[in-house]
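**Student:** What follows is the file query17.txt, containing compact mmCIF, C-alpha atoms:
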```
# COMPACT_ATOMS: atom_id res chain seq x y z
CA MET V 1 42.34 -99.61 -169.06
CA GLY V 2 42.96 -95.92 -169.66
CA TRP V 3 45.83 -93.49 -169.84
CA PHE V 4 46.42 -90.94 -167.09
CA LYS V 5 48.02 -88.06 -169.02
CA ARG V 6 49.68 -85.03 -167.49
CA LEU V 7 48.32 -81.68 -168.48
CA LYS V 8 51.64 -79.88 -169.05
CA ASP V 9 52.77 -79.12 -172.57
CA GLY V 10 55.56 -81.09 -174.17
CA ILE V 11 55.41 -84.08 -171.81
CA GLN V 12 55.43 -87.54 -173.31
CA THR V 13 55.24 -89.96 -170.41
CA LYS V 14 52.02 -91.72 -169.46
CA THR V 15 50.88 -93.70 -166.44
CA LYS V 16 48.39 -96.51 -166.96
CA PHE V 17 45.46 -96.98 -164.58
CA LYS V 18 42.04 -98.60 -164.42
CA LYS V 19 39.00 -96.45 -164.96
CA GLU V 20 35.60 -96.48 -166.64
CA ALA V 21 35.29 -92.81 -167.62
CA PRO V 22 36.54 -91.29 -170.90
CA ASP V 23 40.27 -90.76 -171.43
CA GLY V 24 41.86 -87.71 -169.87
CA LEU V 25 38.88 -86.58 -167.76
CA TRP V 26 38.45 -88.67 -164.61
CA HIS V 27 40.48 -90.81 -162.27
CA GLN V 28 39.02 -93.33 -159.81
CA CYS V 29 41.22 -94.06 -156.79
CA ARG V 30 41.93 -97.75 -156.38
CA GLU V 31 42.11 -97.36 -152.59
CA CYS V 32 38.96 -95.44 -151.71
CA ASN V 33 37.11 -95.53 -155.09
CA ASN V 34 36.66 -91.77 -154.95
CA THR V 35 36.42 -90.16 -158.40
CA ASN V 36 38.21 -86.91 -159.21
CA THR V 37 39.16 -85.10 -162.37
CA VAL V 38 42.62 -85.81 -163.75
CA LYS V 39 43.32 -82.10 -163.29
CA GLU V 40 42.55 -82.30 -159.56
CA VAL V 41 44.77 -85.35 -159.15
CA THR V 42 47.60 -83.80 -161.14
CA GLU V 43 47.51 -80.58 -159.15
CA ASN V 44 47.59 -82.67 -155.96
CA PHE V 45 50.98 -84.19 -156.86
CA TYR V 46 49.33 -87.28 -158.42
CA LYS V 47 47.66 -88.20 -155.11
CA CYS V 48 44.04 -88.91 -154.33
CA PRO V 49 42.58 -85.70 -152.85
CA LYS V 50 40.37 -87.74 -150.50
CA CYS V 51 42.60 -90.53 -149.08
CA ASN V 52 46.08 -89.30 -150.13
CA HIS V 53 46.84 -92.53 -152.02
CA HIS V 54 50.03 -92.03 -154.04
CA ILE V 55 49.30 -93.03 -157.63
CA ARG V 56 52.12 -94.74 -159.52
CA ILE V 57 53.81 -92.25 -161.81
CA GLY V 58 56.67 -92.40 -164.29
CA SER V 59 60.26 -91.22 -164.24
CA HIS V 60 59.60 -87.92 -166.04
CA ASP V 61 56.75 -87.17 -163.62
CA TYR V 62 59.24 -87.37 -160.76
CA PHE V 63 61.76 -85.26 -162.66
CA ASP V 64 59.11 -82.57 -163.13
CA LEU V 65 58.26 -82.66 -159.41
CA ILE V 66 61.86 -82.58 -158.18
CA PHE V 67 63.97 -80.57 -160.62
CA ASP V 68 63.87 -76.79 -161.08
CA GLY V 69 62.14 -77.02 -164.43
CA LYS V 70 64.84 -78.09 -166.88
CA TYR V 71 66.77 -81.36 -166.78
CA GLU V 72 68.89 -83.38 -169.18
CA THR V 73 68.40 -87.10 -169.76
CA MET V 74 71.48 -89.29 -170.09
CA PHE V 75 72.49 -92.64 -171.64
CA GLU V 76 69.35 -92.95 -173.76
CA ASN V 77 71.45 -94.63 -176.45
CA LEU V 78 71.64 -97.79 -174.29
CA VAL V 79 68.76 -100.13 -175.21
CA SER V 80 67.86 -103.71 -174.28
CA LYS V 81 68.57 -106.52 -176.77
CA ASP V 82 67.15 -110.03 -177.01
CA PHE V 83 70.59 -111.64 -176.91
CA LEU V 84 69.21 -114.92 -175.49
CA LYS V 85 66.41 -115.19 -178.08
CA PHE V 86 64.03 -115.62 -175.13
CA THR V 87 60.38 -116.55 -175.63
CA ASP V 88 57.60 -117.00 -173.05
CA LEU V 89 54.08 -115.94 -174.04
CA LYS V 90 55.74 -113.87 -176.75
CA ARG V 91 59.26 -113.21 -177.98
CA TYR V 92 61.28 -110.85 -175.78
CA GLU V 93 62.17 -108.85 -178.88
CA ASP V 94 58.47 -108.32 -179.64
CA ARG V 95 57.77 -107.47 -176.00
CA LEU V 96 60.43 -104.76 -176.07
CA LEU V 97 59.01 -103.22 -179.22
CA SER V 98 55.49 -103.29 -177.81
CA VAL V 99 56.32 -101.72 -174.46
CA LYS V 100 58.40 -98.95 -176.05
CA GLU V 101 55.47 -98.06 -178.27
CA LYS V 102 52.99 -98.05 -175.37
CA THR V 103 55.08 -96.20 -172.79
CA ASP V 104 57.42 -93.90 -174.74
CA ALA V 105 60.15 -95.09 -172.33
CA SER V 106 63.41 -96.46 -173.73
CA ASP V 107 63.91 -98.85 -170.79
CA ALA V 108 62.88 -99.47 -167.19
CA ILE V 109 65.11 -96.71 -165.82
CA THR V 110 65.77 -93.16 -166.99
CA VAL V 111 68.73 -91.07 -165.82
CA ALA V 112 68.55 -87.29 -165.68
CA SER V 113 70.69 -84.46 -164.36
CA GLY V 114 69.24 -81.21 -163.09
CA LYS V 115 69.02 -78.71 -160.24
CA VAL V 116 67.03 -78.96 -157.00
CA ASN V 117 66.75 -75.44 -155.63
CA LYS V 118 69.96 -74.68 -157.55
CA LYS V 119 71.78 -77.74 -156.18
CA THR V 120 72.95 -80.27 -158.80
CA LEU V 121 71.58 -83.81 -158.54
CA VAL V 122 71.60 -86.86 -160.81
CA ILE V 123 68.48 -89.06 -160.55
CA ALA V 124 67.92 -92.53 -161.98
CA ALA V 125 64.16 -93.18 -161.85
CA MET V 126 62.49 -96.50 -162.64
CA ASP V 127 59.31 -96.93 -164.71
CA PHE V 128 57.00 -99.75 -163.62
CA SER V 129 55.13 -99.50 -166.91
CA PHE V 130 58.22 -100.86 -168.70
CA ILE V 131 57.96 -104.64 -168.12
CA GLY V 132 57.15 -104.14 -164.45
CA GLY V 133 60.19 -101.94 -163.87
CA SER V 134 62.27 -105.08 -164.24
CA MET V 135 66.02 -104.86 -163.78
CA GLY V 136 67.83 -105.90 -166.94
CA SER V 137 71.35 -105.31 -168.22
CA VAL V 138 70.51 -101.80 -169.47
CA VAL V 139 69.12 -100.80 -166.07
CA GLY V 140 72.37 -101.89 -164.45
CA GLU V 141 74.55 -100.23 -167.07
CA ARG V 142 72.70 -96.92 -166.89
CA ILE V 143 73.12 -96.90 -163.11
CA VAL V 144 76.83 -97.71 -163.45
CA ARG V 145 77.40 -94.94 -165.97
CA ALA V 146 75.43 -92.50 -163.83
CA ILE V 147 77.68 -93.37 -160.89
CA ASP V 148 80.82 -92.86 -162.98
CA HIS V 149 79.48 -89.45 -164.00
CA CYS V 150 78.71 -88.54 -160.38
CA ILE V 151 82.20 -89.55 -159.24
CA LYS V 152 83.78 -87.49 -162.00
CA GLU V 153 81.64 -84.43 -161.29
CA MET V 154 81.38 -85.02 -157.50
CA THR V 155 77.58 -84.81 -157.84
CA PRO V 156 75.12 -86.47 -155.43
CA PHE V 157 73.22 -89.44 -156.86
CA MET V 158 69.66 -90.62 -156.23
CA ILE V 159 67.74 -93.68 -157.41
CA ILE V 160 63.94 -93.81 -157.41
CA SER V 161 63.05 -97.51 -157.27
CA LYS V 162 59.80 -98.94 -158.59
CA SER V 163 60.29 -102.54 -159.66
CA GLY V 164 59.03 -106.10 -159.64
CA GLY V 165 62.62 -107.36 -159.56
CA ALA V 166 65.07 -108.88 -162.04
CA ARG V 167 64.04 -109.32 -165.69
CA MET V 168 63.62 -113.05 -166.32
CA MET V 169 64.00 -112.60 -170.10
CA GLU V 170 67.69 -111.85 -169.53
CA SER V 171 68.25 -114.73 -167.11
CA ALA V 172 71.57 -114.58 -165.21
CA PHE V 173 72.54 -111.37 -166.99
CA SER V 174 69.81 -109.56 -165.05
CA LEU V 175 70.89 -111.10 -161.74
CA MET V 176 74.46 -109.95 -162.39
CA GLN V 177 73.24 -106.36 -162.16
CA MET V 178 72.76 -106.80 -158.41
CA ALA V 179 76.49 -107.30 -157.84
CA LYS V 180 77.46 -104.84 -160.57
CA THR V 181 75.47 -101.93 -159.15
CA SER V 182 76.44 -102.75 -155.56
CA VAL V 183 80.15 -102.68 -156.42
CA LYS V 184 79.80 -99.34 -158.19
CA LEU V 185 77.90 -97.86 -155.24
CA ALA V 186 80.82 -98.91 -153.03
CA GLU V 187 83.08 -96.91 -155.37
CA LEU V 188 80.72 -93.95 -155.03
CA SER V 189 80.96 -94.24 -151.25
CA ARG V 190 84.76 -94.38 -151.32
CA ALA V 191 84.72 -91.22 -153.45
CA LYS V 192 82.63 -89.60 -150.66
CA VAL V 193 79.77 -88.80 -153.03
CA PRO V 194 76.35 -89.18 -151.33
CA TYR V 195 73.76 -91.65 -152.59
CA PHE V 196 70.06 -91.37 -151.72
CA SER V 197 67.69 -94.32 -152.24
CA PHE V 198 64.02 -93.41 -152.62
CA MET V 199 61.67 -96.40 -152.66
CA THR V 200 58.19 -96.24 -154.18
CA ASP V 201 55.40 -98.76 -154.68
CA PRO V 202 56.45 -101.47 -155.37
CA THR V 203 60.16 -102.00 -154.66
CA THR V 204 60.74 -105.76 -154.67
CA GLY V 205 63.00 -108.62 -155.72
CA GLY V 206 66.60 -108.10 -156.80
CA VAL V 207 66.25 -104.32 -156.74
CA THR V 208 65.49 -104.41 -153.00
CA ALA V 209 68.28 -106.93 -152.54
CA SER V 210 70.84 -104.60 -154.12
CA PHE V 211 70.90 -100.87 -154.82
CA ALA V 212 67.55 -99.94 -153.22
CA MET V 213 68.78 -100.75 -149.70
CA LEU V 214 72.31 -99.34 -150.02
CA GLY V 215 71.65 -95.62 -149.72
CA ASP V 216 73.39 -93.27 -147.35
CA ILE V 217 69.78 -92.22 -146.82
CA ASN V 218 66.97 -94.74 -147.42
CA PHE V 219 63.47 -93.28 -147.60
CA SER V 220 60.14 -93.97 -149.27
CA GLU V 221 56.64 -92.83 -150.12
CA PRO V 222 53.79 -93.69 -147.73
CA LYS V 223 52.43 -97.26 -147.84
CA ALA V 224 54.92 -98.36 -150.51
CA LEU V 225 55.35 -102.13 -150.81
CA ILE V 226 59.00 -102.89 -150.10
CA GLY V 227 60.45 -106.39 -149.83
CA PHE V 228 62.22 -109.25 -151.56
CA ALA V 229 59.75 -112.11 -151.95
CA GLY V 230 56.04 -111.30 -151.88
CA PRO V 231 53.90 -111.72 -148.74
CA ARG V 232 52.08 -114.75 -150.18
CA VAL V 233 55.36 -116.60 -150.87
CA ILE V 234 56.69 -115.80 -147.39
CA LYS V 235 53.47 -116.90 -145.71
CA GLU V 236 53.46 -120.20 -147.58
CA THR V 237 57.14 -120.76 -146.74
CA ILE V 238 57.04 -120.07 -143.00
CA LYS V 239 53.45 -121.39 -142.55
CA ARG V 240 52.51 -118.45 -140.34
CA ASP V 241 50.29 -115.41 -140.64
CA LEU V 242 52.18 -112.18 -141.26
CA PRO V 243 51.87 -109.04 -139.11
CA ASP V 244 49.49 -106.29 -140.19
CA GLY V 245 51.12 -103.93 -142.66
CA PHE V 246 53.98 -106.36 -143.31
CA GLN V 247 56.37 -105.08 -146.04
CA ARG V 248 54.73 -101.68 -146.19
CA ALA V 249 56.86 -98.57 -145.71
CA GLU V 250 55.49 -97.84 -142.24
CA PHE V 251 56.35 -101.38 -141.06
CA LEU V 252 59.90 -101.05 -142.40
CA MET V 253 60.23 -97.64 -140.78
CA ASP V 254 59.25 -99.07 -137.40
CA HIS V 255 61.85 -101.83 -137.80
CA GLY V 256 64.76 -99.60 -138.77
CA PHE V 257 64.99 -100.20 -142.52
CA LEU V 258 64.02 -96.66 -143.52
CA ASP V 259 65.27 -93.28 -142.34
CA PHE V 260 61.97 -91.55 -143.03
CA ILE V 261 58.78 -91.57 -145.11
CA VAL V 262 57.93 -88.54 -147.20
CA ASP V 263 54.67 -87.38 -148.77
CA ARG V 264 55.10 -86.59 -152.46
CA GLU V 265 54.01 -83.02 -151.84
CA GLU V 266 57.05 -82.52 -149.61
CA LEU V 267 59.48 -84.57 -151.71
CA LYS V 268 61.40 -81.71 -153.31
CA SER V 269 61.86 -79.82 -150.04
CA LYS V 270 63.06 -83.00 -148.30
CA ILE V 271 65.59 -83.70 -151.04
CA ASP V 272 66.75 -80.09 -150.79
CA ASP V 273 67.24 -80.58 -147.03
CA ILE V 274 69.29 -83.74 -147.61
CA LEU V 275 71.44 -82.07 -150.26
CA THR V 276 72.08 -79.20 -147.86
CA ILE V 277 73.19 -81.62 -145.13
CA PHE V 278 75.58 -83.41 -147.50
CA GLU V 279 76.76 -80.26 -149.27
CA ARG V 280 80.52 -79.95 -149.59
CA PRO V 281 82.13 -76.95 -147.87
CA ALA V 282 83.12 -74.22 -150.29
CA ALA V 283 86.83 -74.21 -151.14
CA LYS V 284 88.78 -71.50 -149.34
```
Translate this file's structure into structure tokens.
**Tutor:**
Amino acid sequence: MGWFKRLKDGIQTKTKFKKEAPDGLWHQCRECNNTNTVKEVTENFYKCPKCNHHIRIGSHDYFDLIFDGKYETMFENLVSKDFLKFTDLKRYEDRLLSVKEKTDASDAITVASGKVNKKTLVIAAMDFSFIGGSMGSVVGERIVRAIDHCIKEMTPFMIISKSGGARMMESAFSLMQMAKTSVKLAELSRAKVPYFSFMTDPTTGGVTASFAMLGDINFSEPKALIGFAGPRVIKETIKRDLPDGFQRAEFLMDHGFLDFIVDREELKSKIDDILTIFERPAAK
């Protein structure tokens, strides 16, 4: 395994990927096996220049692509605790320490406030590198606090989902975040503050079953895996072959679950368009 590092100064996040070449020089696309320099991939919005495969990137990568340069992270003081003393292959406490050291992320979601073409937006972006982007109590609490902030400031809110689902190490506490975040999003709706849900690969499990599908606008990256249970589980349950492209963004788009699919290169301009549509009239 190797680290795919961004070339900008002062950036700490890293995205893990498989490759055989030395660190920081080459990237081999997992879809078409084409090899490009990390610089070429980075300048192409972290997409394969040959097949346009969207490489998984972290929360700060998205912030850099979307915001007008500067942004401010929020609620970083909230951190996960091993309150159940859970152990599987290793202790949950040890797993948390290990993943924080490897990823530089404080949890599976990071909240930031910034400007998109001078329009204020709060984004909560998930990091798959942090225990599979699993939804634990801190993920839910950061979303809730972000919503409270958006209601107070009347600022649009966006979540970038990238998750394997609920975090089993927190048992029912993680499942409670589904109801908790859904209730708070209802409050956001009643306050007439827009919420945009942007789904990336993969968006699955309890995240799909709660806040990921509750946006005023639901959209995704191309070919993103979006669903609750995985295709293998569904196939074994219903004892039938699944349609081609099942649970991919294009399939969901055709069946009315998404409003549109956006290439990462056009992401900022699309968000700007949405913010313009939902912009509040200036007070007279």
**Student:** Using only C-alpha atoms, which of the listed residues (V:Val38, V:Ala112, V:Met168, V:Leu65) sits closest to Asp88 (chain V)?
**Tutor:**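 Under the stated criterion, the closest residue is V:Met168.
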**Student:** For Pro156 (chain V), which residue out of V:Arg240, V:His54, V:Arg280, V:His27 is the nearest one, using all atoms listed in the file?
**Tutor:**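 Smallest separation from Pro156 (chain V) among the options: V:Arg280.
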**Student:** CA of Asp273 (chain V) and CA of Gly69 (chain V), how far apart in Å?
**Tutor:**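 Between CA of Gly69 (chain V) and CA of Asp273 (chain V) the gap is 18.5 Å.
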**Student:** Please produce, as a tab-separated table, a per-residue contact table for region 41-123 of chain V versus region 181-205 of chain V (criterion: any atom at most 12 Å away, only C-alpha atoms considered), showing the nearest atom pair and its distance in Å to one decimal, sorted by chain then residue number.
**Tutor:**
```
residue	atom	partner	partner_atom	distance
V:His53	CA	V:Asp201	CA	10.9
V:His54	CA	V:Asp201	CA	8.6
V:Ile55	CA	V:Asp201	CA	8.9
V:Arg56	CA	V:Asp201	CA	7.1
V:Ile57	CA	V:Thr200	CA	9.7
V:Gly58	CA	V:Thr200	CA	10.9
V:Ser59	CA	V:Thr200	CA	11.4
V:Tyr62	CA	V:Thr200	CA	11.1
V:Leu121	CA	V:Tyr195	CA	10.1
V:Val122	CA	V:Tyr195	CA	9.8
V:Ile123	CA	V:Phe196	CA	9.3
```
**Student:** Can I get the selection written as a short mmCIF file (atom, residue, chain, number, x, y, z; two decimals), keeping the file's coordinate frame, with C-alpha atoms?
**Tutor:**
```cif
data_model
loop_
_atom_site.label_atom_id
_atom_site.label_comp_id
_atom_site.auth_asym_id
_atom_site.auth_seq_id
_atom_site.Cartn_x
_atom_site.Cartn_y
_atom_site.Cartn_z
CA HIS V 53 46.84 -92.53 -152.02
CA HIS V 54 50.03 -92.03 -154.04
CA ILE V 55 49.30 -93.03 -157.63
CA ARG V 56 52.12 -94.74 -159.52
CA ILE V 57 53.81 -92.25 -161.81
CA GLY V 58 56.67 -92.40 -164.29
CA SER V 59 60.26 -91.22 -164.24
CA TYR V 62 59.24 -87.37 -160.76
CA LEU V 121 71.58 -83.81 -158.54
CA VAL V 122 71.60 -86.86 -160.81
CA ILE V 123 68.48 -89.06 -160.55
#
```
**Student:** Can you list every residue of region 171-213 of chain V that has an atom at most 12 Å from region 127-139 of chain V, with its nearest atom pair and the distance in Å to one decimal, using all atoms listed in the file, ordered by chain then number, as a tab-separated table?
**Tutor:**
```
residue	atom	partner	partner_atom	distance
V:Ser171	CA	V:Gly136	CA	8.8
V:Ala172	CA	V:Gly136	CA	9.6
V:Phe173	CA	V:Ser137	CA	6.3
V:Ser174	CA	V:Gly136	CA	4.6
V:Leu175	CA	V:Gly136	CA	8.0
V:Met176	CA	V:Ser137	CA	8.1
V:Gln177	CA	V:Ser137	CA	6.4
V:Met178	CA	V:Met135	CA	8.8
V:Ala179	CA	V:Ser137	CA	11.8
V:Lys180	CA	V:Ser137	CA	9.8
V:Thr181	CA	V:Val139	CA	9.5
V:Thr200	CA	V:Phe128	CA	10.1
V:Asp201	CA	V:Phe128	CA	9.1
V:Pro202	CA	V:Phe128	CA	8.4
V:Thr203	CA	V:Gly133	CA	9.2
V:Thr204	CA	V:Ser134	CA	9.7
V:Gly205	CA	V:Ser134	CA	9.3
V:Gly206	CA	V:Met135	CA	7.7
V:Val207	CA	V:Met135	CA	7.1
V:Thr208	CA	V:Met135	CA	10.8
V:Ala209	CA	V:Met135	CA	11.7
V:Ser210	CA	V:Met135	CA	10.8
V:Phe211	CA	V:Met135	CA	11.0
V:Ala212	CA	V:Met135	CA	11.7
```
**Student:** Quick one: write out the picked residues with C-alpha atoms as a short mmCIF file (atom, residue, chain, number, x, y, z; two decimals), in the coordinates of the input?
**Tutor:**
```
data_model
loop_
_atom_site.label_atom_id
_atom_site.label_comp_id
_atom_site.auth_asym_id
_atom_site.auth_seq_id
_atom_site.Cartn_x
_atom_site.Cartn_y
_atom_site.Cartn_z
CA SER V 171 68.25 -114.73 -167.11
CA ALA V 172 71.57 -114.58 -165.21
CA PHE V 173 72.54 -111.37 -166.99
CA SER V 174 69.81 -109.56 -165.05
CA LEU V 175 70.89 -111.10 -161.74
CA MET V 176 74.46 -109.95 -162.39
CA GLN V 177 73.24 -106.36 -162.16
CA MET V 178 72.76 -106.80 -158.41
CA ALA V 179 76.49 -107.30 -157.84
CA LYS V 180 77.46 -104.84 -160.57
CA THR V 181 75.47 -101.93 -159.15
CA THR V 200 58.19 -96.24 -154.18
CA ASP V 201 55.40 -98.76 -154.68
CA PRO V 202 56.45 -101.47 -155.37
CA THR V 203 60.16 -102.00 -154.66
CA THR V 204 60.74 -105.76 -154.67
CA GLY V 205 63.00 -108.62 -155.72
CA GLY V 206 66.60 -108.10 -156.80
CA VAL V 207 66.25 -104.32 -156.74
CA THR V 208 65.49 -104.41 -153.00
CA ALA V 209 68.28 -106.93 -152.54
CA SER V 210 70.84 -104.60 -154.12
CA PHE V 211 70.90 -100.87 -154.82
CA ALA V 212 67.55 -99.94 -153.22
#
```
**Student:** Counting only C-alpha atoms, what is within 10 Å of Arg91 (chain V), bar same-chain residues fewer than 6 positions away, as a short mmCIF file (atom, residue, chain, number, x, y, z; two decimals) with C-alpha atoms, keeping the file's coordinate frame?
**Tutor:**
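Saved result, result.cif, follows:
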```cif
data_model
loop_
_atom_site.label_atom_id
_atom_site.label_comp_id
_atom_site.auth_asym_id
_atom_site.auth_seq_id
_atom_site.Cartn_x
_atom_site.Cartn_y
_atom_site.Cartn_z
CA ASP V 82 67.15 -110.03 -177.01
CA LYS V 85 66.41 -115.19 -178.08
CA MET V 169 64.00 -112.60 -170.10
#
```
**Student:** From the list V:Lys268, V:Ile109, V:Ile147, V:Lys115, which residue is nearest Lys162 (chain V) when using only C-alpha atoms?
**Tutor:**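 Closest to Lys162 (chain V) of all the choices is V:Ile109.
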**Student:** Need to verify the contact set: region 260-264 of chain V, 7 Å, only C-alpha atoms, exclusion of same-chain residues closer than 5 positions in sequence. Can you return it as a PDB file with C-alpha atoms, in the frame of the given file?
**Tutor:**
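Generated output (part-v3.pdb):
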```pdb
ATOM      1  CA  PHE V  45      50.980 -84.190-156.860  1.00  0.00           C
ATOM      2  CA  PHE V 219      63.470 -93.280-147.600  1.00  0.00           C
ATOM      3  CA  SER V 220      60.140 -93.970-149.270  1.00  0.00           C
ATOM      4  CA  GLU V 221      56.640 -92.830-150.120  1.00  0.00           C
ATOM      5  CA  PRO V 222      53.790 -93.690-147.730  1.00  0.00           C
ATOM      6  CA  MET V 253      60.230 -97.640-140.780  1.00  0.00           C
TER       7      MET V 253
END
```
**Student:** Expressed in Å to a single decimal, how great is the separation between CA of Asn77 (chain V) and CA of Leu97 (chain V)?
**Tutor:** 15.4 Å
**Student:** CA of Pro281 (chain V) and CA of Cys150 (chain V), how far apart in Å?
**Tutor:** 17.4 Å
**Student:** Which protein, DNA or RNA residues have an atom at most 9 Å from (67.0, -81.6, -167.8), counting only C-alpha atoms? List them as an mmCIF file with C-alpha atoms, in the coordinates of the input.
**Tutor:**
```cif
data_model
loop_
_atom_site.group_PDB
_atom_site.id
_atom_site.type_symbol
_atom_site.label_atom_id
_atom_site.label_comp_id
_atom_site.auth_asym_id
_atom_site.auth_seq_id
_atom_site.Cartn_x
_atom_site.Cartn_y
_atom_site.Cartn_z
ATOM 1 C CA PHE V 63 61.760 -85.260 -162.660
ATOM 2 C CA PHE V 67 63.970 -80.570 -160.620
ATOM 3 C CA ASP V 68 63.870 -76.790 -161.080
ATOM 4 C CA GLY V 69 62.140 -77.020 -164.430
ATOM 5 C CA LYS V 70 64.840 -78.090 -166.880
ATOM 6 C CA TYR V 71 66.770 -81.360 -166.780
ATOM 7 C CA GLU V 72 68.890 -83.380 -169.180
ATOM 8 C CA THR V 73 68.400 -87.100 -169.760
ATOM 9 C CA ALA V 112 68.550 -87.290 -165.680
ATOM 10 C CA SER V 113 70.690 -84.460 -164.360
ATOM 11 C CA GLY V 114 69.240 -81.210 -163.090
ATOM 12 C CA LYS V 115 69.020 -78.710 -160.240
#
```
**Student:** Draw an axis-aligned box over all listed atoms of region 144-163 of chain V, pad each side with 3 Å, and write its centre and edge lengths in Å, one decimal, as JSON.
**Tutor:**
```
{"center_x": 71.8, "center_y": -93.5, "center_z": -160.7, "size_x": 30.0, "size_y": 24.1, "size_z": 16.5}
```
**Student:** Which residue out of V:Pro49, V:Thr37, V:Val116, V:Asp241 has the minimum interatomic distance to Lys270 (chain V) when only C-alpha atoms are used?
**Tutor:**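 Between V:Pro49, V:Thr37, V:Val116, V:Asp241, the residue approaching Lys270 (chain V) most closely is V:Val116.
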